[in-house]
Amino acid sequence: MKAATMKPLNGITIVTLEHAIAAPFATRQLADLGARVIKVERPGVGDFARGYDERVRGVASHFVWTNRSKESLALDVKHPEAQAILKRLIREHADVVVQNLAPGAAARLGLSYESLSAEKSGIIVCDISGYGGDGPYRDKKAYDLLIQGESGFLSVTGTPETPSKAGPSIADISAGMYAYSNILAALLQRQQTGRGCKIDVSMLESLVEWMSYPLYYAFEGAPPPARTGASHATIYPYGPFPAGDGKTVLLGLQNEREWVAFCETVLQCPELAREERFSSNSRRNAARDELRGIIVAAFAGLTADEVVTRLEKASIANAQVNTMQNVWDHPQLAARNRWRTVETQNGPVPALLPPGMVGGPGDERMDPVPALGQHTDGILAELGYAPGDIARLRSEKAI
């Protein structure tokens, strides 16, 4: 039997007051690496993402995605005794506290870095918010769509007629990724200094960082990239093109060598590569409407499979526009054995292995998605509460 592998964050405990996506996504990745993640939830209600839908055997899709391998502790943090339990849990066990509550809520509960570090100098506190811990937007509510708007993302995404949001919650995801990476960095720093720190991650700043090329493209008042649907705004040809059988092929060119190969092998029109109007990416981009007409006409007599065959022969990047079912069945994911099973309160569901992953096959941590309050009694027992005390707290609705 293979010996269990020590995960990188074994021995690290995260206490998190979280909801929706940004903080849960960050802490789930810490759990993937072996951290103990104790998720504090409101009794009877829990993380409101539990109620988004019932698509995964009666469990919410967002919640299944972001909450495996965690423990759920039900606490009404407005109840004085529950507050005392939370602070004791942090004092005795926590290495990191993560929160994405409403602006100012954590500080009012005494969970700011300043308050917690006064008693525990090694504590790391990560605050995730829409706009950050100060500034004129500090107290403004923020959801993913709103940050996509504030960051400028909507202004460059969609068609010329209609701005479009990204399907996944990219503002939340970007903030979760920066929280995750900064917490890892803070843990490394603490190994060297013995001291914790405060981490302040805003959704706005996270998504604006991802907007770097459109921002620089529009530097010093230059016109911003146009909204071009699924096509690239500044590189051409790069996007979806219809084949003669009604299917769509995605393709992308990145350099002049590929442009020549595309003309010769795919379009079978080598003289096109020598035309001045298409002699650089900037010129092809300026003449994209004319060039698109040429490409669509060339593809009209071919099936999508025939187009892909030519693209592969020319070493031109290409892909399919997959449905969700196509992705579940993707041959590359299957060949690389990327699917595992995670338990939920309503039965097992598939889950994708985290990209990269420290260790080898079988070393992954894919523990169950917790039911609301599932670990409350066990955690309280760790803190020294007797069964009678736990029953009393439950009767008082503190847990």
# chains A, B, ... in the order shown; residues from 1 in each chain; ligands from 1
call {"tool": "select_by_dssp", "arguments": {"residues": "segment 198-328 of chain A", "states": "helix (DSSP H, G or I)", "output": "ChimeraX atom specification"}}
result
/A:203-210,212-217,219-221,256-266,270-274,276-278,281-286,288-299,304-313,324-328
call {"tool": "residues_around", "arguments": {"residues": "Lys7 of chain A", "least_positions_apart": "5", "cutoff": "10 Å", "atoms": "only C-alpha atoms", "output": "PyMOL selection string"}}
result
chain A and resi 31-35+358-359+363-365
call {"tool": "closest_residue", "arguments": {"among": "A:Ala82, A:Ile379, A:Ala26, A:Ile21", "to": "Arg50 of chain A", "atoms": "only C-alpha atoms"}}
result
A:Ile21
call {"tool": "residues_around", "arguments": {"residues": "segment 247-251 of chain A", "least_positions_apart": "4", "cutoff": "12 Å", "atoms": "only C-alpha atoms", "output": "count of residues only"}}
result
40
call {"tool": "atom_distance", "arguments": {"atom1": "atom CA of His19 of chain A", "atom2": "atom CA of Gly176 of chain A"}}
result
11.8 Å
call {"tool": "residues_around", "arguments": {"residues": "Arg88 of chain A", "least_positions_apart": "6", "cutoff": "12 Å", "atoms": "only C-alpha atoms", "output": "PyMOL selection string"}}
result
chain A and resi 15+81-82+94+111+116+119-120+379-380+382-385
call {"tool": "residues_around", "arguments": {"residues": "Ile199 of chain A", "least_positions_apart": "2", "cutoff": "7 Å", "atoms": "only C-alpha atoms", "output": "PyMOL selection string"}}
result
chain A and resi 125-127+197+201
call {"tool": "write_last_selection", "arguments": {"atoms": "all heavy atoms", "output": "short mmCIF file (atom, residue, chain, number, x, y, z; two decimals), in the first residue's frame"}}
result
data_model
loop_
_atom_site.label_atom_id
_atom_site.label_comp_id
_atom_site.auth_asym_id
_atom_site.auth_seq_id
_atom_site.Cartn_x
_atom_site.Cartn_y
_atom_site.Cartn_z
N VAL A 125 -4.24 37.58 8.49
CA VAL A 125 -5.64 37.93 8.26
C VAL A 125 -5.78 38.41 6.82
O VAL A 125 -5.10 39.35 6.41
CB VAL A 125 -6.14 39.02 9.22
CG1 VAL A 125 -7.58 39.41 8.90
CG2 VAL A 125 -6.03 38.53 10.67
N CYS A 126 -6.64 37.73 6.07
CA CYS A 126 -6.88 38.10 4.67
C CYS A 126 -8.30 38.61 4.52
O CYS A 126 -9.26 37.85 4.72
CB CYS A 126 -6.64 36.90 3.75
SG CYS A 126 -6.91 37.27 2.01
N ASP A 127 -8.42 39.88 4.20
CA ASP A 127 -9.72 40.51 3.96
C ASP A 127 -9.94 40.60 2.45
O ASP A 127 -9.10 41.14 1.72
CB ASP A 127 -9.77 41.92 4.55
CG ASP A 127 -9.56 41.94 6.05
OD1 ASP A 127 -10.01 40.98 6.71
OD2 ASP A 127 -8.95 42.90 6.56
N CYS A 197 0.65 38.88 9.17
CA CYS A 197 0.46 40.12 8.42
C CYS A 197 -1.00 40.26 8.01
O CYS A 197 -1.79 39.32 8.14
CB CYS A 197 1.35 40.17 7.19
SG CYS A 197 0.95 38.93 5.96
N VAL A 201 -7.25 42.22 -0.21
CA VAL A 201 -7.46 41.91 -1.62
C VAL A 201 -8.80 42.49 -2.06
O VAL A 201 -9.83 42.22 -1.44
CB VAL A 201 -7.46 40.38 -1.86
CG1 VAL A 201 -7.81 40.06 -3.31
CG2 VAL A 201 -6.10 39.79 -1.51
#
call {"tool": "residues_around", "arguments": {"residues": "segment 69-76 of chain A", "least_positions_apart": "5", "cutoff": "10 Å", "atoms": "only C-alpha atoms", "output": "PyMOL selection string"}}
result
chain A and resi 14-16+24+27-32+34-47+81-83+85-86+342-343+365-380+393-394+397-399
call {"tool": "closest_residue", "arguments": {"among": "A:Arg68, A:Arg57, A:His62, A:Arg195", "to": "Ile123 of chain A", "atoms": "only C-alpha atoms"}}
result
A:Arg195
call {"tool": "residues_around", "arguments": {"residues": "Leu272 of chain A", "least_positions_apart": "3", "cutoff": "12 Å", "atoms": "only C-alpha atoms", "output": "tab-separated table (two decimals) with N, CA, C and O atoms, in the first residue's frame"}}
result
chain	number	residue	atom	x	y	z
A	259	TRP	N	1.05	33.11	-40.77
A	259	TRP	CA	0.22	33.73	-41.80
A	259	TRP	C	0.56	33.15	-43.19
A	259	TRP	O	-0.34	32.83	-43.97
A	260	VAL	N	1.82	32.99	-43.46
A	260	VAL	CA	2.22	32.42	-44.75
A	260	VAL	C	1.70	30.99	-44.87
A	260	VAL	O	1.14	30.58	-45.90
A	261	ALA	N	1.87	30.19	-43.80
A	261	ALA	CA	1.40	28.80	-43.83
A	261	ALA	C	-0.11	28.73	-43.97
A	261	ALA	O	-0.65	27.86	-44.67
A	262	PHE	N	-0.80	29.66	-43.33
A	262	PHE	CA	-2.26	29.71	-43.42
A	262	PHE	C	-2.70	29.97	-44.86
A	262	PHE	O	-3.61	29.30	-45.38
A	263	CYS	N	-2.05	30.92	-45.51
A	263	CYS	CA	-2.41	31.23	-46.90
A	263	CYS	C	-2.11	30.06	-47.83
A	263	CYS	O	-2.92	29.70	-48.69
A	264	GLU	N	-0.93	29.45	-47.64
A	264	GLU	CA	-0.50	28.40	-48.56
A	264	GLU	C	-1.28	27.09	-48.36
A	264	GLU	O	-1.75	26.50	-49.34
A	265	THR	N	-1.42	26.64	-47.11
A	265	THR	CA	-1.94	25.30	-46.84
A	265	THR	C	-3.42	25.29	-46.52
A	265	THR	O	-4.14	24.37	-46.93
A	266	VAL	N	-3.91	26.31	-45.81
A	266	VAL	CA	-5.32	26.30	-45.39
A	266	VAL	C	-6.19	26.95	-46.46
A	266	VAL	O	-7.14	26.35	-46.95
A	267	LEU	N	-5.86	28.18	-46.83
A	267	LEU	CA	-6.65	28.87	-47.85
A	267	LEU	C	-6.27	28.41	-49.26
A	267	LEU	O	-7.04	28.61	-50.20
A	268	GLN	N	-5.09	27.81	-49.37
A	268	GLN	CA	-4.55	27.38	-50.66
A	268	GLN	C	-4.55	28.54	-51.66
A	268	GLN	O	-4.93	28.42	-52.82
A	269	CYS	N	-4.08	29.67	-51.12
A	269	CYS	CA	-3.98	30.90	-51.91
A	269	CYS	C	-2.67	31.58	-51.53
A	269	CYS	O	-2.66	32.61	-50.85
A	275	GLU	N	0.40	40.01	-50.39
A	275	GLU	CA	-0.34	41.25	-50.61
A	275	GLU	C	-0.05	42.26	-49.49
A	275	GLU	O	-0.09	41.93	-48.31
A	276	GLU	N	0.23	43.48	-49.89
A	276	GLU	CA	0.62	44.52	-48.96
A	276	GLU	C	-0.46	44.79	-47.92
A	276	GLU	O	-0.16	45.04	-46.75
A	277	ARG	N	-1.72	44.71	-48.32
A	277	ARG	CA	-2.81	45.05	-47.39
A	277	ARG	C	-2.91	44.07	-46.23
A	277	ARG	O	-3.55	44.37	-45.22
A	278	PHE	N	-2.27	42.88	-46.36
A	278	PHE	CA	-2.31	41.87	-45.30
A	278	PHE	C	-0.90	41.54	-44.78
A	278	PHE	O	-0.68	40.50	-44.19
A	279	SER	N	0.05	42.44	-45.00
A	279	SER	CA	1.46	42.10	-44.78
A	279	SER	C	1.93	42.20	-43.33
A	279	SER	O	3.09	41.92	-43.04
A	284	ARG	N	-3.67	43.45	-41.23
A	284	ARG	CA	-4.75	42.46	-41.29
A	284	ARG	C	-5.88	42.84	-40.34
A	284	ARG	O	-7.06	42.66	-40.65
A	291	LEU	N	-10.78	40.55	-45.00
A	291	LEU	CA	-10.10	39.27	-44.84
A	291	LEU	C	-11.06	38.19	-44.36
A	291	LEU	O	-10.98	37.03	-44.82
A	294	ILE	N	-12.81	36.68	-47.26
A	294	ILE	CA	-11.97	35.74	-48.02
A	294	ILE	C	-11.92	34.38	-47.32
A	294	ILE	O	-12.04	33.32	-47.96
A	295	ILE	N	-11.75	34.40	-45.99
A	295	ILE	CA	-11.63	33.15	-45.24
A	295	ILE	C	-12.95	32.38	-45.26
A	295	ILE	O	-12.97	31.17	-45.51
call {"tool": "atom_distance", "arguments": {"atom1": "atom CA of Gln99 of chain A", "atom2": "atom CA of Asp144 of chain A"}}
result
16.8 Å
call {"tool": "decode", "arguments": {"residues": "segment 278-334 of chain A", "atoms": "C-alpha atoms", "output": "PDB file, in the first residue's frame"}}
result
ATOM      1  CA  PHE A 278      -2.310  41.874 -45.300  1.00  0.00           C
ATOM      2  CA  SER A 279       1.460  42.104 -44.779  1.00  0.00           C
ATOM      3  CA  SER A 280       1.413  42.601 -40.984  1.00  0.00           C
ATOM      4  CA  ASN A 281      -0.930  41.903 -38.111  1.00  0.00           C
ATOM      5  CA  SER A 282      -1.795  45.589 -37.819  1.00  0.00           C
ATOM      6  CA  ARG A 283      -2.797  45.722 -41.491  1.00  0.00           C
ATOM      7  CA  ARG A 284      -4.750  42.456 -41.285  1.00  0.00           C
ATOM      8  CA  ASN A 285      -6.549  43.782 -38.237  1.00  0.00           C
ATOM      9  CA  ALA A 286      -7.426  47.019 -40.012  1.00  0.00           C
ATOM     10  CA  ALA A 287      -8.757  45.042 -42.983  1.00  0.00           C
ATOM     11  CA  ARG A 288     -10.449  42.329 -40.926  1.00  0.00           C
ATOM     12  CA  ASP A 289     -13.844  42.618 -42.619  1.00  0.00           C
ATOM     13  CA  GLU A 290     -12.338  42.101 -46.058  1.00  0.00           C
ATOM     14  CA  LEU A 291     -10.096  39.271 -44.842  1.00  0.00           C
ATOM     15  CA  ARG A 292     -12.950  37.553 -43.041  1.00  0.00           C
ATOM     16  CA  GLY A 293     -14.883  37.467 -46.298  1.00  0.00           C
ATOM     17  CA  ILE A 294     -11.971  35.739 -48.022  1.00  0.00           C
ATOM     18  CA  ILE A 295     -11.628  33.150 -45.240  1.00  0.00           C
ATOM     19  CA  VAL A 296     -15.366  32.412 -45.026  1.00  0.00           C
ATOM     20  CA  ALA A 297     -15.530  31.957 -48.794  1.00  0.00           C
ATOM     21  CA  ALA A 298     -12.575  29.537 -48.687  1.00  0.00           C
ATOM     22  CA  PHE A 299     -14.163  27.524 -45.869  1.00  0.00           C
ATOM     23  CA  ALA A 300     -17.609  27.420 -47.506  1.00  0.00           C
ATOM     24  CA  GLY A 301     -16.723  24.380 -49.588  1.00  0.00           C
ATOM     25  CA  LEU A 302     -15.199  22.465 -46.675  1.00  0.00           C
ATOM     26  CA  THR A 303     -16.545  20.619 -43.663  1.00  0.00           C
ATOM     27  CA  ALA A 304     -15.274  21.610 -40.228  1.00  0.00           C
ATOM     28  CA  ASP A 305     -13.213  18.413 -40.099  1.00  0.00           C
ATOM     29  CA  GLU A 306     -11.603  19.258 -43.439  1.00  0.00           C
ATOM     30  CA  VAL A 307     -10.757  22.770 -42.224  1.00  0.00           C
ATOM     31  CA  VAL A 308      -9.180  21.335 -39.073  1.00  0.00           C
ATOM     32  CA  THR A 309      -7.155  18.848 -41.131  1.00  0.00           C
ATOM     33  CA  ARG A 310      -5.675  21.722 -43.151  1.00  0.00           C
ATOM     34  CA  LEU A 311      -5.044  23.780 -40.003  1.00  0.00           C
ATOM     35  CA  GLU A 312      -3.225  20.882 -38.360  1.00  0.00           C
ATOM     36  CA  LYS A 313      -1.129  20.319 -41.479  1.00  0.00           C
ATOM     37  CA  ALA A 314      -0.136  24.003 -41.397  1.00  0.00           C
ATOM     38  CA  SER A 315       0.528  23.919 -37.607  1.00  0.00           C
ATOM     39  CA  ILE A 316      -2.138  26.569 -37.037  1.00  0.00           C
ATOM     40  CA  ALA A 317      -3.728  26.572 -33.576  1.00  0.00           C
ATOM     41  CA  ASN A 318      -7.368  25.521 -33.603  1.00  0.00           C
ATOM     42  CA  ALA A 319     -10.110  24.295 -31.278  1.00  0.00           C
ATOM     43  CA  GLN A 320     -13.772  23.377 -31.013  1.00  0.00           C
ATOM     44  CA  VAL A 321     -16.551  25.404 -29.394  1.00  0.00           C
ATOM     45  CA  ASN A 322     -17.426  22.729 -26.856  1.00  0.00           C
ATOM     46  CA  THR A 323     -20.670  22.386 -24.932  1.00  0.00           C
ATOM     47  CA  MET A 324     -20.591  21.589 -21.210  1.00  0.00           C
ATOM     48  CA  GLN A 325     -21.287  17.930 -22.049  1.00  0.00           C
ATOM     49  CA  ASN A 326     -18.345  17.953 -24.456  1.00  0.00           C
ATOM     50  CA  VAL A 327     -16.143  19.137 -21.597  1.00  0.00           C
ATOM     51  CA  TRP A 328     -17.371  16.390 -19.236  1.00  0.00           C
ATOM     52  CA  ASP A 329     -16.444  13.926 -21.986  1.00  0.00           C
ATOM     53  CA  HIS A 330     -13.260  15.675 -23.169  1.00  0.00           C
ATOM     54  CA  PRO A 331     -10.765  13.054 -24.404  1.00  0.00           C
ATOM     55  CA  GLN A 332      -7.742  15.020 -23.193  1.00  0.00           C
ATOM     56  CA  LEU A 333      -9.037  15.237 -19.630  1.00  0.00           C
ATOM     57  CA  ALA A 334      -9.888  11.538 -19.733  1.00  0.00           C
TER      58      ALA A 334
END
